[in-house]
>>> print(open('my_file-v3.txt').read())   # compact mmCIF, C-alpha atoms
# COMPACT_ATOMS: atom_id res chain seq x y z
CA MET A 1 127.33 -21.88 -9.06
CA LYS A 2 125.67 -18.46 -9.11
CA GLU A 3 123.76 -17.67 -12.26
CA SER A 4 125.87 -14.56 -12.92
CA ARG A 5 129.05 -16.67 -13.01
CA LEU A 6 127.47 -19.14 -15.41
CA TRP A 7 126.29 -16.26 -17.59
CA PHE A 8 129.76 -14.71 -17.58
CA LEU A 9 131.26 -18.06 -18.62
CA GLN A 10 128.71 -18.18 -21.43
CA PHE A 11 130.02 -14.83 -22.68
CA LEU A 12 133.62 -15.92 -22.28
CA THR A 13 133.15 -19.25 -24.06
CA GLY A 14 131.22 -17.44 -26.78
CA ALA A 15 134.17 -15.15 -27.39
CA ILE A 16 136.58 -18.09 -27.31
CA LEU A 17 134.43 -20.04 -29.78
CA LEU A 18 134.20 -17.06 -32.11
CA PHE A 19 137.98 -16.95 -32.30
CA LEU A 20 138.64 -20.69 -32.37
CA LEU A 21 135.85 -21.46 -34.83
CA THR A 22 137.21 -18.85 -37.21
CA MET A 23 140.65 -20.42 -36.89
CA HIS A 24 139.21 -23.89 -37.34
CA MET A 25 137.29 -22.90 -40.48
CA GLY A 26 140.34 -21.22 -41.96
CA ILE A 27 142.80 -23.98 -41.17
CA MET A 28 140.70 -27.12 -41.69
CA HIS A 29 138.09 -26.17 -44.29
CA LEU A 30 139.67 -23.48 -46.40
CA GLU A 31 142.78 -25.46 -47.26
CA ASP A 32 142.46 -24.45 -50.94
CA ILE A 33 142.73 -20.78 -50.01
CA PHE A 34 145.16 -20.75 -47.11
CA GLY A 35 147.02 -24.05 -47.61
CA PHE A 36 148.12 -24.03 -43.97
CA ILE A 37 148.03 -27.75 -43.21
CA SER A 38 149.76 -28.80 -46.42
CA ARG A 39 152.55 -26.29 -45.81
CA VAL A 40 153.09 -27.42 -42.22
CA SER A 41 152.63 -31.19 -42.53
CA GLY A 42 153.08 -31.82 -46.25
CA ALA A 43 149.67 -33.52 -46.61
CA GLU A 44 145.93 -32.78 -46.95
CA PRO A 45 144.10 -31.96 -43.65
CA LEU A 46 142.37 -35.33 -43.38
CA ASP A 47 145.33 -37.49 -44.42
CA TRP A 48 146.69 -39.66 -41.62
CA LYS A 49 150.09 -37.96 -41.90
CA ALA A 50 148.58 -34.52 -41.33
CA VAL A 51 146.29 -35.76 -38.51
CA LEU A 52 149.23 -37.38 -36.74
CA HIS A 53 151.42 -34.34 -37.23
CA ARG A 54 149.02 -31.88 -35.67
CA SER A 55 147.94 -34.28 -32.91
CA LYS A 56 151.51 -34.40 -31.67
CA GLN A 57 151.70 -30.60 -31.22
CA VAL A 58 151.29 -29.30 -27.64
CA ALA A 59 149.58 -26.19 -28.98
CA PHE A 60 147.01 -28.35 -30.78
CA LEU A 61 146.41 -30.39 -27.64
CA VAL A 62 145.84 -27.28 -25.51
CA VAL A 63 143.68 -25.52 -28.11
CA ASN A 64 141.63 -28.66 -28.69
CA ILE A 65 140.87 -29.09 -25.01
CA ILE A 66 139.93 -25.41 -24.65
CA PHE A 67 137.77 -25.72 -27.78
CA LEU A 68 136.09 -28.83 -26.43
CA GLY A 69 135.44 -27.32 -23.00
CA SER A 70 134.12 -24.06 -24.43
CA ALA A 71 131.85 -25.73 -26.97
CA LEU A 72 130.47 -28.14 -24.39
CA PHE A 73 129.80 -25.44 -21.80
CA HIS A 74 128.32 -22.99 -24.28
CA GLY A 75 126.08 -25.55 -25.93
CA LEU A 76 124.92 -27.32 -22.79
CA TYR A 77 124.30 -24.12 -20.80
CA GLY A 78 122.30 -22.80 -23.75
CA LEU A 79 120.29 -26.02 -23.90
CA ARG A 80 119.68 -25.89 -20.15
CA ASN A 81 118.39 -22.30 -20.45
CA ILE A 82 116.00 -23.19 -23.26
CA LEU A 83 114.62 -26.12 -21.27
CA ILE A 84 114.16 -24.28 -17.97
CA GLU A 85 112.26 -21.55 -19.79
CA ALA A 86 110.08 -24.09 -21.56
CA ILE A 87 109.44 -26.09 -18.39
CA PRO A 88 109.44 -23.53 -15.56
CA SER A 89 109.62 -25.81 -12.56
CA LYS A 90 112.27 -25.27 -9.86
CA LYS A 91 112.55 -29.02 -9.26
CA PHE A 92 112.98 -29.74 -12.95
CA GLY A 93 115.59 -26.97 -13.16
CA LYS A 94 117.68 -28.50 -10.39
CA ILE A 95 117.50 -32.04 -11.82
CA LEU A 96 118.24 -30.79 -15.31
CA GLY A 97 121.23 -28.80 -14.07
CA LEU A 98 122.65 -31.87 -12.39
CA VAL A 99 122.06 -34.17 -15.39
CA ILE A 100 123.54 -31.69 -17.86
CA THR A 101 126.58 -31.09 -15.64
CA ILE A 102 127.30 -34.81 -15.33
CA PHE A 103 126.71 -35.33 -19.05
CA GLY A 104 129.03 -32.44 -19.88
CA ILE A 105 131.78 -33.67 -17.59
CA ILE A 106 131.59 -37.17 -19.10
CA LEU A 107 131.78 -35.79 -22.63
CA PHE A 108 134.66 -33.50 -21.69
CA LEU A 109 136.62 -36.35 -20.12
CA TYR A 110 135.98 -38.58 -23.11
CA GLY A 111 136.98 -35.91 -25.60
CA SER A 112 140.07 -34.96 -23.62
CA TYR A 113 141.03 -38.63 -23.30
CA ALA A 114 140.94 -38.97 -27.09
CA THR A 115 143.06 -35.84 -27.60
CA ILE A 116 145.57 -36.66 -24.87
CA GLY A 117 145.65 -40.29 -25.92
CA ILE A 118 146.75 -39.58 -29.46
CA TYR A 119 149.31 -37.07 -28.15
CA VAL A 120 151.06 -39.55 -25.84
CA LYS A 121 150.72 -42.72 -27.89
CA LYS A 122 153.72 -43.73 -29.91
CA PHE A 123 153.00 -44.61 -33.56
CA MET B 1 99.98 12.68 -31.26
CA LYS B 2 97.87 11.68 -34.28
CA LYS B 3 95.76 14.49 -35.68
CA VAL B 4 92.07 13.53 -35.56
CA GLU B 5 89.86 15.34 -38.06
CA ILE B 6 86.47 13.73 -37.33
CA GLU B 7 84.35 15.02 -34.45
CA SER B 8 82.36 11.86 -33.77
CA LYS B 9 81.97 8.36 -35.09
CA LEU B 10 80.05 5.15 -34.43
CA ILE B 11 82.56 2.62 -33.16
CA ASN B 12 82.02 -1.09 -32.70
CA PHE B 13 83.45 -2.36 -29.40
CA LYS B 14 84.27 -6.06 -29.22
CA ILE B 15 84.84 -6.90 -25.58
CA LEU B 16 85.89 -10.22 -24.18
CA ARG B 17 83.33 -11.34 -21.62
CA TYR B 18 84.04 -14.04 -19.12
CA ASN B 19 82.10 -15.07 -16.07
CA PRO B 20 83.99 -17.75 -14.10
CA ASP B 21 80.67 -19.08 -12.70
CA ASN B 22 79.24 -19.96 -16.07
CA GLY B 23 81.05 -20.85 -19.19
CA LYS B 24 83.75 -19.98 -21.62
CA PRO B 25 85.05 -16.57 -22.65
CA GLU B 26 83.11 -14.96 -25.50
CA ILE B 27 83.25 -11.72 -27.46
CA LYS B 28 80.30 -9.34 -27.10
CA GLU B 29 79.76 -6.34 -29.36
CA TYR B 30 78.51 -2.88 -28.45
CA LYS B 31 78.11 0.09 -30.79
CA VAL B 32 78.91 3.45 -29.21
CA GLU B 33 78.88 6.98 -30.66
CA ILE B 34 82.36 8.29 -29.86
CA LYS B 35 83.16 12.00 -29.73
CA LYS B 36 86.61 13.52 -30.15
CA GLY B 37 88.53 13.11 -26.91
CA THR B 38 86.61 10.06 -25.65
CA THR B 39 88.93 7.52 -24.12
CA VAL B 40 88.46 3.75 -24.11
CA LEU B 41 87.70 4.03 -20.39
CA ASP B 42 84.98 6.60 -21.07
CA ALA B 43 83.49 4.19 -23.62
CA LEU B 44 83.59 1.27 -21.16
CA ILE B 45 81.87 3.34 -18.46
CA PHE B 46 79.25 4.38 -21.02
CA ILE B 47 78.66 0.76 -22.04
CA LYS B 48 78.34 -0.28 -18.40
CA GLU B 49 75.89 2.53 -17.58
CA ASN B 50 73.75 2.25 -20.71
CA PHE B 51 74.02 -1.24 -22.22
CA ASP B 52 75.38 -3.84 -19.85
CA PRO B 53 75.77 -3.22 -16.11
CA THR B 54 77.45 -6.63 -15.71
CA LEU B 55 80.55 -5.51 -17.60
CA SER B 56 83.56 -5.63 -15.23
CA PHE B 57 86.76 -3.66 -15.52
CA ARG B 58 89.24 -1.93 -13.21
CA TYR B 59 89.79 1.79 -13.12
CA SER B 60 90.49 4.48 -10.57
CA CYS B 61 92.27 7.77 -11.26
CA ARG B 62 91.27 7.97 -14.97
CA MET B 63 94.37 10.08 -15.57
CA GLY B 64 97.19 7.60 -16.13
CA VAL B 65 98.79 7.53 -12.67
CA CYS B 66 97.23 4.59 -10.82
CA GLY B 67 97.80 1.77 -13.33
CA SER B 68 94.42 0.13 -12.65
CA CYS B 69 92.98 0.20 -16.19
CA GLY B 70 95.66 -1.76 -18.04
CA MET B 71 93.99 -3.70 -20.90
CA PHE B 72 94.71 -5.30 -24.26
CA ILE B 73 93.34 -2.76 -26.74
CA ASN B 74 93.45 -3.65 -30.45
CA GLY B 75 96.24 -6.13 -29.85
CA LEU B 76 98.48 -3.97 -27.65
CA PRO B 77 98.67 -3.48 -23.89
CA ALA B 78 97.63 0.06 -22.95
CA LEU B 79 95.92 2.13 -20.27
CA ALA B 80 92.25 2.53 -21.16
CA CYS B 81 92.15 6.03 -19.65
CA GLN B 82 95.07 7.18 -21.78
CA THR B 83 93.88 5.70 -25.08
CA GLN B 84 91.62 7.93 -27.11
CA VAL B 85 89.23 5.84 -29.21
CA LEU B 86 89.49 7.94 -32.38
CA HIS B 87 93.31 7.83 -32.18
CA LEU B 88 93.13 4.07 -32.75
CA ASN B 89 92.04 4.88 -36.32
CA SER B 90 89.75 1.88 -36.47
CA ASP B 91 85.98 1.35 -36.70
CA THR B 92 86.37 -1.64 -34.40
CA VAL B 93 87.97 -1.61 -30.98
CA GLU B 94 88.83 -4.99 -29.49
CA ILE B 95 89.23 -5.02 -25.73
CA LYS B 96 90.62 -8.03 -23.90
CA PRO B 97 92.26 -8.52 -20.54
CA LEU B 98 96.06 -8.22 -20.36
CA PRO B 99 97.64 -11.49 -21.56
CA ASN B 100 99.95 -13.62 -19.39
CA TYR B 101 97.55 -13.34 -16.43
CA GLU B 102 94.66 -15.43 -15.19
CA ILE B 103 91.33 -13.71 -15.76
CA ILE B 104 89.14 -12.94 -12.75
CA ARG B 105 86.24 -11.70 -14.84
CA ASP B 106 85.71 -9.98 -18.21
CA VAL B 107 88.75 -7.71 -18.64
CA VAL B 108 89.95 -7.91 -15.03
CA PRO B 109 93.27 -9.80 -14.75
CA ASP B 110 94.52 -11.45 -11.58
CA LEU B 111 97.60 -9.41 -10.65
CA GLU B 112 98.44 -11.43 -7.52
CA THR B 113 101.58 -13.07 -9.01
CA PHE B 114 102.63 -9.71 -10.43
CA PHE B 115 102.57 -8.12 -6.98
CA CYS B 116 104.24 -11.15 -5.39
CA LYS B 117 107.17 -10.84 -7.78
CA HIS B 118 107.36 -7.12 -6.97
CA LYS B 119 107.42 -7.86 -3.24
CA GLU B 120 110.20 -10.44 -3.69
CA ILE B 121 112.71 -7.79 -4.76
CA LYS B 122 112.06 -5.70 -1.62
CA PRO B 123 110.86 -2.46 -3.24
CA PHE B 124 112.00 -0.06 -0.50
CA ILE B 125 115.21 1.61 0.64
CA ILE B 126 117.28 -0.79 2.74
CA ARG B 127 119.73 0.70 5.20
CA LYS B 128 121.98 -0.83 7.82
CA ASP B 129 121.12 1.96 10.29
CA GLU B 130 117.63 0.76 11.19
CA LYS B 131 117.30 3.27 14.02
CA GLU B 132 117.50 6.14 11.54
CA LEU B 133 114.92 4.45 9.29
CA GLU B 134 112.46 4.07 12.14
CA ASN B 135 113.07 7.47 13.71
CA PRO B 136 114.48 9.71 10.98
CA THR B 137 116.53 12.66 12.17
CA ASN B 138 117.59 13.95 8.78
CA GLU B 139 117.45 13.21 5.08
CA TYR B 140 119.89 11.15 3.01
CA ARG B 141 121.96 13.17 0.59
CA MET B 142 121.19 12.63 -3.11
CA THR B 143 122.35 15.02 -5.81
CA PRO B 144 120.11 15.92 -8.80
CA GLU B 145 122.53 13.96 -11.04
CA GLU B 146 122.21 10.86 -8.86
CA LEU B 147 118.43 11.19 -8.94
CA GLU B 148 118.50 11.55 -12.72
CA GLU B 149 120.26 8.15 -12.99
CA ILE B 150 117.23 6.33 -11.59
CA SER B 151 114.48 8.85 -12.25
CA GLN B 152 112.81 7.17 -15.22
CA PHE B 153 112.59 3.85 -13.36
CA THR B 154 110.67 5.50 -10.52
CA TYR B 155 107.76 6.30 -12.84
CA CYS B 156 106.42 2.74 -12.72
CA ILE B 157 102.71 2.69 -11.84
CA LYS B 158 102.50 -1.14 -11.59
CA CYS B 159 99.93 -1.43 -14.35
CA GLY B 160 101.19 -4.86 -15.43
CA SER B 161 101.50 -3.98 -19.12
CA CYS B 162 105.19 -4.88 -19.30
CA LEU B 163 104.70 -8.36 -17.89
CA SER B 164 101.81 -8.94 -20.29
CA ALA B 165 104.04 -8.04 -23.25
CA CYS B 166 107.07 -10.07 -22.12
CA PRO B 167 107.64 -13.12 -24.39
CA THR B 168 109.86 -14.79 -21.79
CA TYR B 169 107.15 -14.57 -19.13
CA ALA B 170 104.66 -15.99 -21.64
CA THR B 171 106.52 -19.32 -21.49
CA ASP B 172 108.37 -19.11 -18.18
CA SER B 173 105.99 -18.30 -15.34
CA GLU B 174 108.88 -18.43 -12.85
CA PHE B 175 110.60 -15.48 -14.54
CA LEU B 176 110.66 -12.45 -12.24
CA GLY B 177 109.58 -10.22 -15.07
CA PRO B 178 110.47 -6.74 -16.33
CA GLN B 179 108.58 -4.82 -13.65
CA ALA B 180 110.20 -6.52 -10.66
CA LEU B 181 113.65 -6.48 -12.26
CA ALA B 182 113.39 -2.83 -13.26
CA GLN B 183 112.35 -1.93 -9.72
CA ALA B 184 115.16 -4.06 -8.33
CA TYR B 185 117.58 -1.98 -10.39
CA ARG B 186 115.81 1.22 -9.31
CA TYR B 187 116.61 0.44 -5.68
CA MET B 188 119.99 -1.21 -6.19
CA ALA B 189 121.22 1.84 -8.13
CA ASP B 190 119.74 4.30 -5.64
CA VAL B 191 122.65 5.93 -3.77
CA ARG B 192 120.64 5.91 -0.53
CA ASP B 193 120.19 2.14 -0.66
CA GLU B 194 122.46 -0.46 0.99
CA GLY B 195 120.51 -3.58 0.04
CA PHE B 196 122.36 -4.66 -3.12
CA ASN B 197 123.50 -8.00 -1.74
CA GLU B 198 120.13 -8.70 -0.17
CA ARG B 199 118.36 -8.32 -3.51
CA LEU B 200 121.14 -10.09 -5.40
CA ASN B 201 119.96 -13.53 -4.27
CA VAL B 202 116.59 -12.83 -5.85
CA VAL B 203 117.69 -11.29 -9.15
CA ASP B 204 120.83 -13.40 -9.68
CA SER B 205 118.90 -16.67 -9.89
CA PRO B 206 117.96 -19.17 -12.62
CA HIS B 207 114.71 -17.27 -13.33
CA GLY B 208 116.04 -13.81 -12.56
CA CYS B 209 117.58 -11.14 -14.77
CA TRP B 210 119.55 -13.65 -16.87
CA ARG B 211 116.37 -15.01 -18.48
CA CYS B 212 115.76 -11.64 -20.15
CA HIS B 213 116.59 -11.88 -23.86
CA TYR B 214 116.21 -8.16 -24.50
CA ALA B 215 113.09 -8.43 -26.65
CA SER B 216 112.19 -4.93 -25.35
CA ALA B 217 108.47 -5.59 -25.70
CA CYS B 218 108.15 -4.34 -22.11
CA THR B 219 109.65 -0.98 -23.05
CA GLN B 220 107.26 -0.64 -25.97
CA ALA B 221 104.28 -1.54 -23.77
CA CYS B 222 105.09 0.76 -20.84
CA PRO B 223 102.68 3.72 -20.78
CA LYS B 224 104.99 5.80 -18.52
CA GLY B 225 108.26 5.59 -20.47
CA VAL B 226 110.08 3.48 -17.87
CA ASP B 227 112.23 1.31 -20.22
CA PRO B 228 112.45 -1.87 -18.10
CA ALA B 229 114.63 -3.52 -20.77
CA LEU B 230 117.33 -0.90 -20.20
CA ALA B 231 117.05 -1.34 -16.43
CA ILE B 232 117.56 -5.10 -16.75
CA GLN B 233 120.65 -4.71 -18.94
CA LEU B 234 122.08 -2.14 -16.52
CA LEU B 235 121.32 -4.56 -13.69
CA LYS B 236 123.19 -7.37 -15.49
CA ARG B 237 126.14 -5.06 -16.04
CA GLU B 238 126.16 -4.01 -12.40
CA ILE B 239 126.11 -7.63 -11.22
CA ILE B 240 128.94 -8.66 -13.56
CA PHE B 241 131.07 -5.64 -12.62
CA ARG B 242 130.67 -6.43 -8.93
CA MET B 243 131.39 -10.12 -9.56
CA LEU B 244 134.63 -9.25 -11.39
CA GLY B 245 135.61 -6.67 -8.76
CA ILE B 246 135.45 -3.80 -11.27
CA LYS B 247 132.94 -2.09 -9.00
CA LYS B 248 133.17 -2.33 -5.23
CA GLU B 249 130.36 -2.43 -2.72
CA ARG B 250 129.51 1.17 -1.88
CA GLU B 251 128.31 2.78 1.28
CA GLY B 252 124.88 4.31 1.25
CA ALA B 253 124.42 8.07 0.99
CA LYS B 254 125.26 9.95 4.16
CA LEU B 255 122.80 11.83 6.29
CA TYR B 256 122.48 15.45 5.30
CA SER B 257 121.89 18.20 7.77
CA PRO B 258 120.41 21.41 6.36
CA PRO B 259 122.43 24.56 7.13
CA LYS B 260 121.84 25.88 10.67
CA GLU B 261 121.62 29.53 9.67
CA LYS B 262 118.91 30.24 7.17
CA LYS B 263 120.10 32.85 4.73
CA ILE B 264 117.16 34.37 2.92
CA ARG B 265 117.92 36.26 -0.30
CA GLU B 266 117.07 39.94 -0.39
CA GLY B 267 113.68 40.83 -1.80
CA ILE B 268 112.05 37.50 -0.87
CA PRO B 269 108.86 38.30 1.13
CA SER B 270 108.19 36.50 4.42
CA PRO B 271 105.48 33.85 4.44
CA PRO B 272 101.96 34.88 5.67
CA GLU B 273 100.99 34.18 9.28
CA ARG B 274 99.62 30.74 10.00
CA THR B 275 95.83 30.73 10.21
CA VAL B 276 95.75 27.46 12.13
CA LYS B 277 97.64 27.66 15.38
>>> encode(input="my_file-v3.txt", output="structure tokens")
Amino acid sequence: MKESRLWFLQFLTGAILLFLLTMHMGIMHLEDIFGFISRVSGAEPLDWKAVLHRSKQVAFLVVNIIFLGSALFHGLYGLRNILIEAIPSKKFGKILGLVITIFGIILFLYGSYATIGIYVKKF
Amino acid sequence: MKKVEIESKLINFKILRYNPDNGKPEIKEYKVEIKKGTTVLDALIFIKENFDPTLSFRYSCRMGVCGSCGMFINGLPALACQTQVLHLNSDTVEIKPLPNYEIIRDVVPDLETFFCKHKEIKPFIIRKDEKELENPTNEYRMTPEELEEISQFTYCIKCGSCLSACPTYATDSEFLGPQALAQAYRYMADVRDEGFNERLNVVDSPHGCWRCHYASACTQACPKGVDPALAIQLLKREIIFRMLGIKKEREGAKLYSPPKEKKIREGIPSPPERTVK
């Protein structure tokens, strides 16, 4: 993929992460202030009841997968950039790109599997 | 410009000396009586003529237009011919070759890679009508406003100071660098040019414009006010806009024929007769 497209995706995922991370912090970690989870599921964020409740929401599934994909791309593309600047070899750059892409795809599939799995499984 | 009160002063010059045939780089000191208005280049020429004829350095125009005398003066890249010694406000002047380059000898850097990167971006007007380029019949139309858009980027004298200041180039030798990227933008934004896509493959690459982190050290180092950092950000914007379809590929400026009838204003005298026929 052309470098400009990768760079644009970096911007896009950065914007997505800014929004989703803010939401995540507010909903999951500022329960004492906002009380969102307890109002919606009737339990604390890390209680099994609350985990199960939100994992069965389509919105949560979609947001989680977008979050996962964005975080993986943003982090791994950033790591790749740091490494190709530190080790400026065209051959190394190509191999690194391939390794990071495969690694990212594996992690994305694994993370998505976990999210989709809990959504479809009957408890 | 700093106001200099003193008329002359004894200055200690610490110059990095390096002979590739024998040994490691070392600092040699020379004391020179400097008068008001003496440049670092003047001092180096004086040292060479009076103290050490083996001292090597590049210079040519001695007026800040050729870019030959780029050096590291008291920790900053600068043109030796444009740096007045007393304006440095220091009793000691340290002169080293520009960093980020191999040293040929003393304060002479090897600018081969610098010029190779410049060549890569095709620093000339590219047109589809090659016949017109080879046998020009007219000029391409460019308004003063269109010229103003790229004007500052045309002032580059290829001194190498920007590349020596660039922190990205210090670690990533594959990086195209601020000079090449600024010149790429200079041509890609030129209304007469039709080579945007041809240069795109060079600048839109893993070690192209996207490796610039906007440190702006290049802009601070440039002795001609070029602002390569701005050029690179404008280049990134242009590439993204074209990628998203916000800006379309444009045709190059059309040929411009001057008016057939020359209307001379009243009161303008005719030119004198040619003396060479």
>>> interface_residues(input="my_file-v3.txt", of="chain B", to="chain A", cutoff="9 Å", atoms="all atoms listed in the file", output="list in words")
Thr168, Tyr169, Thr171, Asp172, Ser173, Glu174, Phe175, Asn201, Asp204, Ser205, Pro206, His207, Gly208, Trp210, Arg211, Lys236, Ile239, Ile240 and Met243 of chain B
>>> residues_around(input="my_file-v3.txt", residues="Arg80 (chain A)", least_positions_apart="5", cutoff="8 Å", atoms="only C-alpha atoms", output="MDAnalysis selection string")
chainID A and resid 96:97 100
>>> axis_aligned_box(input="my_file-v3.txt", around="region 29-43 of chain B", padding_each_side="8 Å", output="lines of an AutoDock Vina configuration file")
center_x = 83.5
center_y = 3.6
center_z = -25.6
size_x = 26.8
size_y = 35.9
size_z = 26.4
>>> closest_residue(input="my_file-v3.txt", among="A:Ala43, A:Val51, A:Met28, A:Ala71", to="Gly14 (chain A)", atoms="all atoms listed in the file")
A:Ala71
>>> residues_near_point(input="my_file-v3.txt", point="(87.1, -2.5, -26.0)", cutoff="9 Å", atoms="all atoms listed in the file", output="JSON list (two decimals) with C-alpha atoms, in the frame of the given file")
[["chain", "number", "residue", "atom", "x", "y", "z"],
["B", 12, "ASN", "CA", 82.02, -1.09, -32.70],
["B", 13, "PHE", "CA", 83.45, -2.36, -29.40],
["B", 14, "LYS", "CA", 84.27, -6.06, -29.22],
["B", 15, "ILE", "CA", 84.84, -6.90, -25.58],
["B", 16, "LEU", "CA", 85.89, -10.22, -24.18],
["B", 29, "GLU", "CA", 79.76, -6.34, -29.36],
["B", 30, "TYR", "CA", 78.51, -2.88, -28.45],
["B", 40, "VAL", "CA", 88.46, 3.75, -24.11],
["B", 41, "LEU", "CA", 87.70, 4.03, -20.39],
["B", 43, "ALA", "CA", 83.49, 4.19, -23.62],
["B", 44, "LEU", "CA", 83.59, 1.27, -21.16],
["B", 71, "MET", "CA", 93.99, -3.70, -20.90],
["B", 72, "PHE", "CA", 94.71, -5.30, -24.26],
["B", 73, "ILE", "CA", 93.34, -2.76, -26.74],
["B", 74, "ASN", "CA", 93.45, -3.65, -30.45],
["B", 80, "ALA", "CA", 92.25, 2.53, -21.16],
["B", 92, "THR", "CA", 86.37, -1.64, -34.40],
["B", 93, "VAL", "CA", 87.97, -1.61, -30.98],
["B", 94, "GLU", "CA", 88.83, -4.99, -29.49],
["B", 95, "ILE", "CA", 89.23, -5.02, -25.73],
["B", 96, "LYS", "CA", 90.62, -8.03, -23.90]]
>>> residues_around(input="my_file-v3.txt", residues="Tyr113 (chain A)", least_positions_apart="5", cutoff="12 Å", atoms="all atoms listed in the file", output="list in words")
Leu61, Asn64, Ile65, Leu68, Ile105, Ile106, Leu107, Phe108, Ile118, Tyr119, Val120 and Lys121 of chain A
>>> residues_around(input="my_file-v3.txt", residues="Leu21 (chain A)", least_positions_apart="2", cutoff="12 Å", atoms="all atoms listed in the file", output="list of chain:residue names")
A:Thr13, A:Gly14, A:Ala15, A:Ile16, A:Leu17, A:Leu18, A:Phe19, A:Met23, A:His24, A:Met25, A:Gly26, A:Ile27, A:Met28, A:His29, A:Val63, A:Asn64, A:Ile66, A:Phe67, A:Leu68, A:Ser70, A:Ala71
>>> write_last_selection(input="my_file-v3.txt", atoms="C-alpha atoms", output="compact mmCIF listing (two decimals), in the coordinates of the input")
# COMPACT_ATOMS: atom_id res chain seq x y z
CA THR A 13 133.15 -19.25 -24.06
CA GLY A 14 131.22 -17.44 -26.78
CA ALA A 15 134.17 -15.15 -27.39
CA ILE A 16 136.58 -18.09 -27.31
CA LEU A 17 134.43 -20.04 -29.78
CA LEU A 18 134.20 -17.06 -32.11
CA PHE A 19 137.98 -16.95 -32.30
CA MET A 23 140.65 -20.42 -36.89
CA HIS A 24 139.21 -23.89 -37.34
CA MET A 25 137.29 -22.90 -40.48
CA GLY A 26 140.34 -21.22 -41.96
CA ILE A 27 142.80 -23.98 -41.17
CA MET A 28 140.70 -27.12 -41.69
CA HIS A 29 138.09 -26.17 -44.29
CA VAL A 63 143.68 -25.52 -28.11
CA ASN A 64 141.63 -28.66 -28.69
CA ILE A 66 139.93 -25.41 -24.65
CA PHE A 67 137.77 -25.72 -27.78
CA LEU A 68 136.09 -28.83 -26.43
CA SER A 70 134.12 -24.06 -24.43
CA ALA A 71 131.85 -25.73 -26.97
>>> closest_residue(input="my_file-v3.txt", among="A:Gly42, A:Gly69, A:Gly117, A:Gly104", to="Ser55 (chain A)", atoms="all atoms listed in the file")
A:Gly117
>>> atom_distance(input="my_file-v3.txt", atom1="CA of Arg265 (chain B)", atom2="CA of Tyr140 (chain B)")
25.4 Å
>>> atom_distance(input="my_file-v3.txt", atom1="CA of Glu273 (chain B)", atom2="CA of Pro259 (chain B)")
23.6 Å
>>> closest_residue(input="my_file-v3.txt", among="B:Met142, B:Leu76, B:Leu181, B:Ile27", to="Pro99 (chain B)", atoms="all atoms listed in the file")
B:Leu76
>>> residues_around(input="my_file-v3.txt", residues="Ser41 (chain A)", least_positions_apart="2", cutoff="10 Å", atoms="all atoms listed in the file", output="list in words")
Phe36, Ile37, Ser38, Arg39, Ala43, Glu44, Pro45, Asp47, Lys49, Ala50, Val51, Leu52, His53 and Arg54 of chain A
>>> write_last_selection(input="my_file-v3.txt", atoms="C-alpha atoms", output="PDB file, in the coordinates of the input")
ATOM      1  CA  PHE A  36     148.120 -24.030 -43.970  1.00  0.00           C
ATOM      2  CA  ILE A  37     148.030 -27.750 -43.210  1.00  0.00           C
ATOM      3  CA  SER A  38     149.760 -28.800 -46.420  1.00  0.00           C
ATOM      4  CA  ARG A  39     152.550 -26.290 -45.810  1.00  0.00           C
ATOM      5  CA  ALA A  43     149.670 -33.520 -46.610  1.00  0.00           C
ATOM      6  CA  GLU A  44     145.930 -32.780 -46.950  1.00  0.00           C
ATOM      7  CA  PRO A  45     144.100 -31.960 -43.650  1.00  0.00           C
ATOM      8  CA  ASP A  47     145.330 -37.490 -44.420  1.00  0.00           C
ATOM      9  CA  LYS A  49     150.090 -37.960 -41.900  1.00  0.00           C
ATOM     10  CA  ALA A  50     148.580 -34.520 -41.330  1.00  0.00           C
ATOM     11  CA  VAL A  51     146.290 -35.760 -38.510  1.00  0.00           C
ATOM     12  CA  LEU A  52     149.230 -37.380 -36.740  1.00  0.00           C
ATOM     13  CA  HIS A  53     151.420 -34.340 -37.230  1.00  0.00           C
ATOM     14  CA  ARG A  54     149.020 -31.880 -35.670  1.00  0.00           C
TER      15      ARG A  54
END
